[in-house]
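Undergrad: Here you go, coords34.txt (compact mmCIF, N, CA, C and O atoms):
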```
# COMPACT_ATOMS: atom_id res chain seq x y z
N GLY A 1 -2.01 -11.80 8.50
CA GLY A 1 -2.83 -10.75 9.03
C GLY A 1 -2.13 -9.43 9.02
O GLY A 1 -0.97 -9.33 8.67
N GLY A 2 -2.84 -8.43 9.42
CA GLY A 2 -2.31 -7.08 9.44
C GLY A 2 -2.10 -6.56 10.84
O GLY A 2 -2.09 -7.31 11.80
N THR A 3 -1.94 -5.24 10.95
CA THR A 3 -1.57 -4.63 12.21
C THR A 3 -2.74 -4.15 13.05
O THR A 3 -2.55 -3.81 14.20
N GLY A 4 -3.92 -4.06 12.50
CA GLY A 4 -5.04 -3.50 13.26
C GLY A 4 -5.27 -2.07 12.87
O GLY A 4 -5.54 -1.78 11.72
N PHE A 5 -5.12 -1.16 13.80
CA PHE A 5 -5.40 0.25 13.54
C PHE A 5 -4.14 1.01 13.13
O PHE A 5 -3.05 0.70 13.61
N LEU A 6 -4.29 1.99 12.28
CA LEU A 6 -3.19 2.85 11.86
C LEU A 6 -3.34 4.20 12.53
O LEU A 6 -4.45 4.61 12.87
N SER A 7 -2.23 4.91 12.67
CA SER A 7 -2.28 6.27 13.21
C SER A 7 -1.37 7.16 12.39
O SER A 7 -0.53 6.68 11.63
N ASN A 8 -1.54 8.44 12.54
CA ASN A 8 -0.72 9.44 11.85
C ASN A 8 -0.76 9.29 10.34
O ASN A 8 0.26 9.45 9.66
N ILE A 9 -1.94 8.98 9.79
CA ILE A 9 -2.11 8.82 8.35
C ILE A 9 -2.22 10.21 7.71
O ILE A 9 -2.98 11.05 8.16
N ILE A 10 -1.42 10.43 6.65
CA ILE A 10 -1.43 11.73 5.97
C ILE A 10 -2.06 11.67 4.58
O ILE A 10 -2.36 12.69 3.99
N ASP A 11 -2.24 10.44 4.03
CA ASP A 11 -2.91 10.29 2.74
C ASP A 11 -3.50 8.89 2.68
O ASP A 11 -2.97 7.95 3.27
N ILE A 12 -4.61 8.77 1.96
CA ILE A 12 -5.24 7.48 1.75
C ILE A 12 -5.79 7.45 0.33
O ILE A 12 -6.30 8.46 -0.16
N GLN A 13 -5.63 6.31 -0.35
CA GLN A 13 -6.06 6.14 -1.74
C GLN A 13 -6.81 4.83 -1.88
O GLN A 13 -6.52 3.87 -1.16
N ALA A 14 -7.73 4.77 -2.81
CA ALA A 14 -8.47 3.54 -3.11
C ALA A 14 -8.19 3.12 -4.54
O ALA A 14 -7.87 3.94 -5.39
N GLY A 15 -8.27 1.82 -4.81
CA GLY A 15 -8.06 1.31 -6.15
C GLY A 15 -8.87 0.06 -6.39
O GLY A 15 -9.44 -0.50 -5.46
N GLY A 16 -8.91 -0.36 -7.63
CA GLY A 16 -9.60 -1.59 -7.99
C GLY A 16 -10.66 -1.37 -9.04
O GLY A 16 -11.14 -0.26 -9.24
N ASN A 17 -10.97 -2.42 -9.74
CA ASN A 17 -12.04 -2.43 -10.75
C ASN A 17 -12.55 -3.85 -10.89
O ASN A 17 -12.27 -4.69 -10.05
N HIS A 18 -13.23 -4.15 -11.97
CA HIS A 18 -13.76 -5.49 -12.16
C HIS A 18 -12.67 -6.54 -12.36
O HIS A 18 -12.86 -7.71 -12.07
N ALA A 19 -11.49 -6.15 -12.85
CA ALA A 19 -10.41 -7.11 -13.09
C ALA A 19 -9.56 -7.34 -11.85
O ALA A 19 -9.08 -8.43 -11.59
N VAL A 20 -9.32 -6.28 -11.09
CA VAL A 20 -8.55 -6.37 -9.84
C VAL A 20 -9.46 -5.86 -8.73
O VAL A 20 -9.80 -4.69 -8.71
N PRO A 21 -9.87 -6.74 -7.83
CA PRO A 21 -10.78 -6.32 -6.76
C PRO A 21 -10.21 -5.20 -5.90
O PRO A 21 -9.03 -4.92 -5.91
N ASN A 22 -11.06 -4.60 -5.14
CA ASN A 22 -10.75 -3.40 -4.37
C ASN A 22 -9.62 -3.57 -3.37
O ASN A 22 -9.47 -4.61 -2.74
N PHE A 23 -8.85 -2.49 -3.25
CA PHE A 23 -7.78 -2.40 -2.27
C PHE A 23 -7.63 -0.93 -1.88
O PHE A 23 -8.11 -0.05 -2.57
N ALA A 24 -6.98 -0.69 -0.77
CA ALA A 24 -6.74 0.68 -0.31
C ALA A 24 -5.30 0.80 0.17
O ALA A 24 -4.68 -0.18 0.58
N THR A 25 -4.77 2.02 0.09
CA THR A 25 -3.40 2.31 0.47
C THR A 25 -3.38 3.53 1.37
O THR A 25 -4.08 4.51 1.11
N ALA A 26 -2.56 3.48 2.41
CA ALA A 26 -2.41 4.61 3.31
C ALA A 26 -0.93 4.93 3.48
O ALA A 26 -0.09 4.03 3.50
N LEU A 27 -0.63 6.21 3.62
CA LEU A 27 0.73 6.69 3.87
C LEU A 27 0.74 7.31 5.26
O LEU A 27 -0.10 8.17 5.56
N ASP A 28 1.67 6.87 6.11
CA ASP A 28 1.75 7.48 7.44
C ASP A 28 2.83 8.56 7.49
O ASP A 28 3.63 8.70 6.56
N SER A 29 2.82 9.33 8.55
CA SER A 29 3.71 10.49 8.66
C SER A 29 5.18 10.10 8.78
O SER A 29 6.05 10.95 8.59
N SER A 30 5.49 8.84 9.05
CA SER A 30 6.89 8.41 9.11
C SER A 30 7.38 7.89 7.76
O SER A 30 8.52 7.42 7.65
N GLY A 31 6.53 7.97 6.71
CA GLY A 31 6.94 7.58 5.37
C GLY A 31 6.77 6.11 5.05
O GLY A 31 7.37 5.60 4.10
N HIS A 32 5.94 5.41 5.82
CA HIS A 32 5.66 4.00 5.56
C HIS A 32 4.30 3.87 4.88
O HIS A 32 3.41 4.68 5.09
N VAL A 33 4.15 2.81 4.06
CA VAL A 33 2.94 2.61 3.26
C VAL A 33 2.26 1.32 3.71
O VAL A 33 2.92 0.31 3.94
N TRP A 34 0.93 1.39 3.80
CA TRP A 34 0.11 0.27 4.28
C TRP A 34 -1.01 0.00 3.29
O TRP A 34 -1.59 0.93 2.75
N ASN A 35 -1.32 -1.28 3.07
CA ASN A 35 -2.41 -1.69 2.17
C ASN A 35 -3.35 -2.64 2.88
O ASN A 35 -2.94 -3.37 3.78
N TRP A 36 -4.59 -2.68 2.40
CA TRP A 36 -5.54 -3.70 2.83
C TRP A 36 -6.55 -3.89 1.72
O TRP A 36 -6.64 -3.10 0.80
N GLY A 37 -7.27 -5.01 1.79
CA GLY A 37 -8.24 -5.36 0.76
C GLY A 37 -7.90 -6.71 0.16
O GLY A 37 -7.34 -7.57 0.82
N ASN A 38 -8.24 -6.88 -1.11
CA ASN A 38 -8.02 -8.14 -1.80
C ASN A 38 -6.58 -8.22 -2.31
O ASN A 38 -6.12 -7.35 -3.04
N ALA A 39 -5.89 -9.28 -1.94
CA ALA A 39 -4.47 -9.46 -2.30
C ALA A 39 -4.27 -10.05 -3.68
O ALA A 39 -3.15 -10.39 -4.05
N ALA A 40 -5.34 -10.17 -4.49
CA ALA A 40 -5.23 -10.76 -5.83
C ALA A 40 -4.10 -10.12 -6.62
O ALA A 40 -3.89 -8.91 -6.57
N ASN A 41 -3.35 -10.94 -7.32
CA ASN A 41 -2.25 -10.49 -8.19
C ASN A 41 -1.15 -9.77 -7.44
O ASN A 41 -0.37 -9.03 -8.03
N GLY A 42 -1.06 -9.93 -6.13
CA GLY A 42 0.00 -9.30 -5.35
C GLY A 42 -0.16 -7.81 -5.15
O GLY A 42 0.79 -7.12 -4.78
N VAL A 43 -1.36 -7.29 -5.37
CA VAL A 43 -1.59 -5.85 -5.34
C VAL A 43 -1.30 -5.22 -3.97
O VAL A 43 -1.00 -4.03 -3.90
N LEU A 44 -1.31 -5.99 -2.89
CA LEU A 44 -1.06 -5.40 -1.57
C LEU A 44 0.42 -5.13 -1.31
O LEU A 44 0.76 -4.39 -0.40
N GLY A 45 1.30 -5.74 -2.11
CA GLY A 45 2.72 -5.44 -1.96
C GLY A 45 3.38 -6.06 -0.74
O GLY A 45 4.42 -5.60 -0.30
N ASN A 46 2.78 -7.13 -0.21
CA ASN A 46 3.38 -7.80 0.94
C ASN A 46 3.83 -9.23 0.61
O ASN A 46 4.11 -10.01 1.50
N GLY A 47 3.88 -9.55 -0.68
CA GLY A 47 4.34 -10.86 -1.10
C GLY A 47 3.25 -11.92 -1.18
O GLY A 47 3.51 -13.04 -1.57
N VAL A 48 2.02 -11.57 -0.83
CA VAL A 48 0.90 -12.51 -0.86
C VAL A 48 0.06 -12.23 -2.10
O VAL A 48 -0.12 -11.07 -2.49
N THR A 49 -0.44 -13.28 -2.74
CA THR A 49 -1.18 -13.10 -4.00
C THR A 49 -2.64 -13.54 -3.91
O THR A 49 -3.32 -13.60 -4.92
N SER A 50 -3.12 -13.85 -2.72
CA SER A 50 -4.53 -14.20 -2.58
C SER A 50 -4.99 -13.91 -1.16
O SER A 50 -4.17 -13.74 -0.25
N GLY A 51 -6.28 -13.85 -1.00
CA GLY A 51 -6.85 -13.61 0.32
C GLY A 51 -7.34 -12.18 0.48
O GLY A 51 -7.01 -11.30 -0.31
N ILE A 52 -8.15 -12.00 1.50
CA ILE A 52 -8.70 -10.69 1.83
C ILE A 52 -8.08 -10.24 3.15
O ILE A 52 -8.13 -10.98 4.14
N TYR A 53 -7.51 -9.07 3.15
CA TYR A 53 -6.91 -8.50 4.35
C TYR A 53 -7.78 -7.34 4.81
O TYR A 53 -7.86 -6.31 4.14
N THR A 54 -8.44 -7.51 5.96
CA THR A 54 -9.29 -6.44 6.49
C THR A 54 -8.53 -5.52 7.42
O THR A 54 -9.05 -4.48 7.82
N THR A 55 -7.31 -5.87 7.77
CA THR A 55 -6.44 -5.00 8.54
C THR A 55 -5.20 -4.69 7.70
O THR A 55 -4.77 -5.51 6.89
N PRO A 56 -4.62 -3.53 7.86
CA PRO A 56 -3.50 -3.10 7.02
C PRO A 56 -2.25 -3.97 7.16
O PRO A 56 -1.92 -4.45 8.24
N VAL A 57 -1.56 -4.16 6.02
CA VAL A 57 -0.26 -4.82 5.98
C VAL A 57 0.74 -3.83 5.39
O VAL A 57 0.41 -3.04 4.52
N GLU A 58 1.96 -3.86 5.89
CA GLU A 58 2.96 -2.92 5.40
C GLU A 58 3.47 -3.34 4.03
O GLU A 58 3.74 -4.52 3.78
N VAL A 59 3.62 -2.37 3.13
CA VAL A 59 4.12 -2.63 1.78
C VAL A 59 5.63 -2.85 1.86
O VAL A 59 6.34 -2.11 2.53
N LEU A 60 6.10 -3.88 1.16
CA LEU A 60 7.51 -4.27 1.20
C LEU A 60 8.19 -4.07 -0.15
O LEU A 60 7.54 -4.11 -1.19
N THR A 61 9.49 -3.90 -0.12
CA THR A 61 10.29 -3.86 -1.34
C THR A 61 10.45 -5.29 -1.86
O THR A 61 10.08 -6.25 -1.19
N ALA A 62 11.06 -5.43 -3.03
CA ALA A 62 11.32 -6.77 -3.58
C ALA A 62 12.24 -7.57 -2.67
O ALA A 62 12.20 -8.79 -2.67
N ALA A 63 13.03 -6.89 -1.85
CA ALA A 63 13.93 -7.56 -0.91
C ALA A 63 13.27 -7.78 0.45
O ALA A 63 13.94 -8.09 1.44
N SER A 64 11.94 -7.61 0.51
CA SER A 64 11.15 -7.83 1.73
C SER A 64 11.46 -6.85 2.86
O SER A 64 11.31 -7.18 4.03
N HIS A 65 11.87 -5.65 2.51
CA HIS A 65 12.07 -4.59 3.50
C HIS A 65 10.93 -3.58 3.36
O HIS A 65 10.46 -3.33 2.25
N PRO A 66 10.49 -2.98 4.47
CA PRO A 66 9.42 -1.98 4.36
C PRO A 66 9.85 -0.78 3.51
O PRO A 66 11.02 -0.37 3.56
N LEU A 67 8.91 -0.28 2.72
CA LEU A 67 9.18 0.98 2.04
C LEU A 67 9.40 2.05 3.10
O LEU A 67 8.76 2.03 4.15
N ASN A 68 10.30 2.99 2.84
CA ASN A 68 10.47 4.10 3.78
C ASN A 68 10.79 5.37 3.02
O ASN A 68 11.02 5.35 1.82
N ASN A 69 10.73 6.48 3.71
CA ASN A 69 10.97 7.80 3.13
C ASN A 69 10.00 8.11 2.00
O ASN A 69 10.34 8.83 1.07
N ILE A 70 8.78 7.56 2.07
CA ILE A 70 7.76 7.83 1.06
C ILE A 70 7.07 9.14 1.41
O ILE A 70 6.72 9.38 2.56
N VAL A 71 6.89 10.00 0.40
CA VAL A 71 6.28 11.30 0.63
C VAL A 71 4.93 11.45 -0.06
O VAL A 71 4.16 12.37 0.25
N ALA A 72 4.60 10.56 -1.02
CA ALA A 72 3.32 10.64 -1.72
C ALA A 72 2.95 9.26 -2.26
O ALA A 72 3.83 8.46 -2.59
N ILE A 73 1.64 9.00 -2.32
CA ILE A 73 1.13 7.76 -2.90
C ILE A 73 0.03 8.09 -3.90
O ILE A 73 -0.58 9.16 -3.83
N MET A 74 -0.21 7.16 -4.85
CA MET A 74 -1.30 7.31 -5.79
C MET A 74 -1.73 5.92 -6.24
O MET A 74 -0.90 5.08 -6.56
N ASN A 75 -3.03 5.68 -6.23
CA ASN A 75 -3.58 4.42 -6.74
C ASN A 75 -4.36 4.70 -8.02
O ASN A 75 -4.99 5.74 -8.15
N THR A 76 -4.30 3.75 -8.94
CA THR A 76 -5.16 3.75 -10.11
C THR A 76 -6.07 2.54 -9.98
O THR A 76 -6.11 1.90 -8.93
N GLU A 77 -6.76 2.18 -11.03
CA GLU A 77 -7.63 1.01 -10.95
C GLU A 77 -6.86 -0.26 -10.67
O GLU A 77 -7.35 -1.15 -9.98
N VAL A 78 -5.66 -0.40 -11.22
CA VAL A 78 -4.93 -1.66 -11.08
C VAL A 78 -3.49 -1.49 -10.60
O VAL A 78 -2.77 -2.48 -10.46
N ASN A 79 -3.05 -0.29 -10.33
CA ASN A 79 -1.67 -0.06 -9.91
C ASN A 79 -1.64 0.88 -8.72
O ASN A 79 -2.58 1.63 -8.48
N GLU A 80 -0.52 0.84 -8.02
CA GLU A 80 -0.28 1.82 -6.97
C GLU A 80 1.15 2.30 -7.09
O GLU A 80 2.04 1.57 -7.52
N PHE A 81 1.35 3.55 -6.75
CA PHE A 81 2.66 4.18 -6.89
C PHE A 81 3.04 4.87 -5.60
O PHE A 81 2.17 5.38 -4.88
N ALA A 82 4.34 4.89 -5.31
CA ALA A 82 4.86 5.58 -4.14
C ALA A 82 6.06 6.42 -4.58
O ALA A 82 6.94 5.93 -5.30
N LEU A 83 6.09 7.66 -4.15
CA LEU A 83 7.18 8.57 -4.45
C LEU A 83 8.00 8.77 -3.20
O LEU A 83 7.46 9.13 -2.15
N ASP A 84 9.33 8.51 -3.28
CA ASP A 84 10.16 8.70 -2.10
C ASP A 84 10.77 10.10 -2.07
O ASP A 84 10.64 10.88 -3.02
N SER A 85 11.41 10.41 -0.96
CA SER A 85 11.94 11.76 -0.76
C SER A 85 13.07 12.13 -1.72
O SER A 85 13.41 13.29 -1.85
N SER A 86 13.63 11.14 -2.43
CA SER A 86 14.66 11.40 -3.44
C SER A 86 14.07 11.60 -4.83
O SER A 86 14.79 11.81 -5.79
N GLY A 87 12.74 11.48 -4.95
CA GLY A 87 12.09 11.65 -6.24
C GLY A 87 11.94 10.38 -7.05
O GLY A 87 11.55 10.42 -8.20
N HIS A 88 12.23 9.23 -6.44
CA HIS A 88 12.09 7.94 -7.13
C HIS A 88 10.69 7.38 -6.94
O HIS A 88 10.11 7.50 -5.87
N ILE A 89 10.19 6.72 -7.98
CA ILE A 89 8.87 6.06 -7.92
C ILE A 89 9.08 4.58 -7.77
O ILE A 89 9.91 3.99 -8.42
```
Step by step, read the file and then write its structure as structure tokens.

TA:
Amino acid sequence: GGTGFLSNIIDIQAGGNHAVPNFATALDSSGHVWNWGNAANGVLGNGVTSGIYTTPVEVLTAASHPLNNIVAIMNTEVNEFALDSSGHI
């Protein structure tokens, strides 16, 4: 499950198409990224590859740590991107 309600959101993006069902991404003011929607193909970034998440889950790194210091996000139909304060994607 997810966290419930989010606060201090500074950006929100939507993604998905017929091949990858819908998902959404939010960036909060502390630089953390949250996703919800269909977890197909691991698109939510929380290590889960199936199920529907109606409440936000925090996006994790490959080492299972929360993303941090994120300053911008962007979703496409099948991908999502996060830019950190050092300029890394």

Undergrad: Calculated over only C-alpha atoms, which of the candidates A:Asn79, A:Asn8, A:Ser30, A:Asn68 has the smallest distance to Gly45 (chain A)?

TA: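 The shortest atom-to-atom distance to Gly45 (chain A) comes from A:Asn79.
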
Undergrad: Find, counting only C-alpha atoms, the residue in A:Asn22, A:Asn17, A:Asn35, A:Asn41 that gets nearest to Pro56 (chain A).

TA: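 Ranking A:Asn22, A:Asn17, A:Asn35, A:Asn41 by distance to Pro56 (chain A), first place goes to A:Asn35.
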
Undergrad: Rounded to one decimal in Å, what is the spacing between CA of Phe81 (chain A) and CA of Ser50 (chain A)?

TA: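 It comes out at 20.2 Å.
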
Undergrad: Would you kindly return, as a list in words, each protein, DNA or RNA residue with an atom no farther than 9 Å from any atom of Thr61 (chain A), considering only C-alpha atoms and excluding same-chain residues fewer than 3 positions away?

TA: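 Counting only C-alpha atoms, the residues come to Gly45, Asn46, Ser64, His65, Pro66 and Leu67 of chain A.
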
Undergrad: Show which residues sit within 12 Å of Gly87 (chain A), as a list of chain:residue names. Count only C-alpha atoms, and ignore same-chain residues fewer than 2 positions away.

TA: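 So the residues in contact are A:Asn69, A:Ile70, A:Val71, A:Ala72, A:Ala82, A:Leu83, A:Asp84, A:Ser85, A:Ile89.
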
Undergrad: Give the padded box for region 79-88 of chain A as JSON: axis-aligned, covering all atoms listed in the file, 5 Å on each side, centre and edge lengths in Å to one decimal.

TA:
```
{"center_x": 5.9, "center_y": 6.5, "center_z": -5.5, "size_x": 27.8, "size_y": 23.6, "size_z": 19.6}
```

Undergrad: Work out how far apart atom N of Thr55 (chain A) and atom N of Ser86 (chain A) are and give it in Å to one decimal.

TA: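 Atom-to-atom, atom N of Thr55 (chain A) and atom N of Ser86 (chain A) are spaced 28.8 Å apart.
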
Undergrad: Nearest to Gly51 (chain A): which of A:Phe23, A:Asp11, A:Glu77, A:Trp34 is it, counting only C-alpha atoms?

TA: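 Of the candidates, the smallest distance to Gly51 (chain A) is held by A:Phe23.
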
Undergrad: Give the strand (DSSP E) residues of chain A, as DSSP finds them on the backbone, and put them as a ChimeraX atom specification.

TA: /A:9-15,23-28,33-38,52-58,70-75,80-84

Undergrad: Report, in Å with one decimal, the straight-line distance from atom N of His88 (chain A) to atom C of Gly37 (chain A).

TA: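 It comes out at 26.5 Å.
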
Undergrad: Pick the closest to Ser7 (chain A) from A:Ala24, A:Val33, A:Met74, A:Ala63: which is it, counting only C-alpha atoms?

TA: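 Nearest to Ser7 (chain A): A:Val33.
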
Undergrad: Between A:Ala26, A:Ala14, A:Ala39, A:Val78, which is the closest to Tyr53 (chain A) once you count only N, CA, C and O atoms?

TA: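 With only N, CA, C and O atoms as the atom set, the closest residue is A:Ala39.
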
Undergrad: Which neighbours of Asp28 (chain A) fall inside 6 Å, counting only C-alpha atoms, when residues of the same chain fewer than 3 positions from it are skipped, and could you give them as an MDAnalysis selection string?

TA: chainID A and resid 8:10 31:32

Undergrad: With N, CA, C and O atoms retained, could you export that selection as a PDB file, in the coordinates of the input?

TA:
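Written file, part_1.pdb:
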```
ATOM      1  N   ASN A   8      -1.540   8.440  12.540  1.00  0.00           N
ATOM      2  CA  ASN A   8      -0.720   9.440  11.850  1.00  0.00           C
ATOM      3  C   ASN A   8      -0.760   9.290  10.340  1.00  0.00           C
ATOM      4  O   ASN A   8       0.260   9.450   9.660  1.00  0.00           O
ATOM      5  N   ILE A   9      -1.940   8.980   9.790  1.00  0.00           N
ATOM      6  CA  ILE A   9      -2.110   8.820   8.350  1.00  0.00           C
ATOM      7  C   ILE A   9      -2.220  10.210   7.710  1.00  0.00           C
ATOM      8  O   ILE A   9      -2.980  11.050   8.160  1.00  0.00           O
ATOM      9  N   ILE A  10      -1.420  10.430   6.650  1.00  0.00           N
ATOM     10  CA  ILE A  10      -1.430  11.730   5.970  1.00  0.00           C
ATOM     11  C   ILE A  10      -2.060  11.670   4.580  1.00  0.00           C
ATOM     12  O   ILE A  10      -2.360  12.690   3.990  1.00  0.00           O
ATOM     13  N   GLY A  31       6.530   7.970   6.710  1.00  0.00           N
ATOM     14  CA  GLY A  31       6.940   7.580   5.370  1.00  0.00           C
ATOM     15  C   GLY A  31       6.770   6.110   5.050  1.00  0.00           C
ATOM     16  O   GLY A  31       7.370   5.600   4.100  1.00  0.00           O
ATOM     17  N   HIS A  32       5.940   5.410   5.820  1.00  0.00           N
ATOM     18  CA  HIS A  32       5.660   4.000   5.560  1.00  0.00           C
ATOM     19  C   HIS A  32       4.300   3.870   4.880  1.00  0.00           C
ATOM     20  O   HIS A  32       3.410   4.680   5.090  1.00  0.00           O
TER      21      HIS A  32
END
```

Undergrad: Please identify all polymer residues within 7 Å of Gly47 (chain A), counting all atoms listed in the file, omitting same-chain residues fewer than 5 positions from it, and present them as an NGL selection string.

TA: :A and (42 or 58 or 60)

Undergrad: Kindly reconstruct region 20-29 of chain A with all heavy atoms and present the result as a PDB file, in the coordinates of the input.

TA:
```
ATOM      1  N   VAL A  20      -9.320  -6.280 -11.090  1.00  0.00           N
ATOM      2  CA  VAL A  20      -8.550  -6.370  -9.840  1.00  0.00           C
ATOM      3  C   VAL A  20      -9.460  -5.860  -8.730  1.00  0.00           C
ATOM      4  O   VAL A  20      -9.800  -4.690  -8.710  1.00  0.00           O
ATOM      5  CB  VAL A  20      -7.258  -5.535  -9.903  1.00  0.00           C
ATOM      6  CG1 VAL A  20      -6.528  -5.596  -8.576  1.00  0.00           C
ATOM      7  CG2 VAL A  20      -6.360  -6.024 -11.023  1.00  0.00           C
ATOM      8  N   PRO A  21      -9.870  -6.740  -7.830  1.00  0.00           N
ATOM      9  CA  PRO A  21     -10.780  -6.320  -6.760  1.00  0.00           C
ATOM     10  C   PRO A  21     -10.210  -5.200  -5.900  1.00  0.00           C
ATOM     11  O   PRO A  21      -9.030  -4.920  -5.910  1.00  0.00           O
ATOM     12  CB  PRO A  21     -10.972  -7.608  -5.961  1.00  0.00           C
ATOM     13  CG  PRO A  21     -10.693  -8.701  -6.938  1.00  0.00           C
ATOM     14  CD  PRO A  21      -9.597  -8.155  -7.822  1.00  0.00           C
ATOM     15  N   ASN A  22     -11.060  -4.600  -5.140  1.00  0.00           N
ATOM     16  CA  ASN A  22     -10.750  -3.400  -4.370  1.00  0.00           C
ATOM     17  C   ASN A  22      -9.620  -3.570  -3.370  1.00  0.00           C
ATOM     18  O   ASN A  22      -9.470  -4.610  -2.740  1.00  0.00           O
ATOM     19  CB  ASN A  22     -12.005  -2.941  -3.643  1.00  0.00           C
ATOM     20  CG  ASN A  22     -13.090  -2.537  -4.606  1.00  0.00           C
ATOM     21  OD1 ASN A  22     -12.830  -2.176  -5.739  1.00  0.00           O
ATOM     22  ND2 ASN A  22     -14.322  -2.617  -4.162  1.00  0.00           N
ATOM     23  N   PHE A  23      -8.850  -2.490  -3.250  1.00  0.00           N
ATOM     24  CA  PHE A  23      -7.780  -2.400  -2.270  1.00  0.00           C
ATOM     25  C   PHE A  23      -7.630  -0.930  -1.880  1.00  0.00           C
ATOM     26  O   PHE A  23      -8.110  -0.050  -2.570  1.00  0.00           O
ATOM     27  CB  PHE A  23      -6.459  -2.951  -2.816  1.00  0.00           C
ATOM     28  CG  PHE A  23      -5.936  -2.210  -4.023  1.00  0.00           C
ATOM     29  CD1 PHE A  23      -4.998  -1.212  -3.878  1.00  0.00           C
ATOM     30  CD2 PHE A  23      -6.387  -2.522  -5.300  1.00  0.00           C
ATOM     31  CE1 PHE A  23      -4.515  -0.516  -4.990  1.00  0.00           C
ATOM     32  CE2 PHE A  23      -5.913  -1.847  -6.408  1.00  0.00           C
ATOM     33  CZ  PHE A  23      -4.976  -0.836  -6.256  1.00  0.00           C
ATOM     34  N   ALA A  24      -6.980  -0.690  -0.770  1.00  0.00           N
ATOM     35  CA  ALA A  24      -6.740   0.680  -0.310  1.00  0.00           C
ATOM     36  C   ALA A  24      -5.300   0.800   0.170  1.00  0.00           C
ATOM     37  O   ALA A  24      -4.680  -0.180   0.580  1.00  0.00           O
ATOM     38  CB  ALA A  24      -7.703   1.057   0.801  1.00  0.00           C
ATOM     39  N   THR A  25      -4.770   2.020   0.090  1.00  0.00           N
ATOM     40  CA  THR A  25      -3.400   2.310   0.470  1.00  0.00           C
ATOM     41  C   THR A  25      -3.380   3.530   1.370  1.00  0.00           C
ATOM     42  O   THR A  25      -4.080   4.510   1.110  1.00  0.00           O
ATOM     43  CB  THR A  25      -2.545   2.600  -0.789  1.00  0.00           C
ATOM     44  OG1 THR A  25      -2.652   1.488  -1.677  1.00  0.00           O
ATOM     45  CG2 THR A  25      -1.094   2.841  -0.441  1.00  0.00           C
ATOM     46  N   ALA A  26      -2.560   3.480   2.410  1.00  0.00           N
ATOM     47  CA  ALA A  26      -2.410   4.610   3.310  1.00  0.00           C
ATOM     48  C   ALA A  26      -0.930   4.930   3.480  1.00  0.00           C
ATOM     49  O   ALA A  26      -0.090   4.030   3.500  1.00  0.00           O
ATOM     50  CB  ALA A  26      -3.035   4.315   4.673  1.00  0.00           C
ATOM     51  N   LEU A  27      -0.630   6.210   3.620  1.00  0.00           N
ATOM     52  CA  LEU A  27       0.730   6.690   3.870  1.00  0.00           C
ATOM     53  C   LEU A  27       0.740   7.310   5.260  1.00  0.00           C
ATOM     54  O   LEU A  27      -0.100   8.170   5.560  1.00  0.00           O
ATOM     55  CB  LEU A  27       1.126   7.741   2.825  1.00  0.00           C
ATOM     56  CG  LEU A  27       2.439   8.483   3.036  1.00  0.00           C
ATOM     57  CD1 LEU A  27       3.636   7.533   3.016  1.00  0.00           C
ATOM     58  CD2 LEU A  27       2.596   9.586   1.985  1.00  0.00           C
ATOM     59  N   ASP A  28       1.670   6.870   6.110  1.00  0.00           N
ATOM     60  CA  ASP A  28       1.750   7.480   7.440  1.00  0.00           C
ATOM     61  C   ASP A  28       2.830   8.560   7.490  1.00  0.00           C
ATOM     62  O   ASP A  28       3.630   8.700   6.560  1.00  0.00           O
ATOM     63  CB  ASP A  28       1.920   6.421   8.535  1.00  0.00           C
ATOM     64  CG  ASP A  28       3.258   5.699   8.553  1.00  0.00           C
ATOM     65  OD1 ASP A  28       4.268   6.251   8.081  1.00  0.00           O
ATOM     66  OD2 ASP A  28       3.291   4.568   9.068  1.00  0.00           O
ATOM     67  N   SER A  29       2.820   9.330   8.550  1.00  0.00           N
ATOM     68  CA  SER A  29       3.710  10.490   8.660  1.00  0.00           C
ATOM     69  C   SER A  29       5.180  10.100   8.780  1.00  0.00           C
ATOM     70  O   SER A  29       6.050  10.950   8.590  1.00  0.00           O
ATOM     71  CB  SER A  29       3.302  11.361   9.838  1.00  0.00           C
ATOM     72  OG  SER A  29       3.375  10.632  11.051  1.00  0.00           O
TER      73      SER A  29
END
```
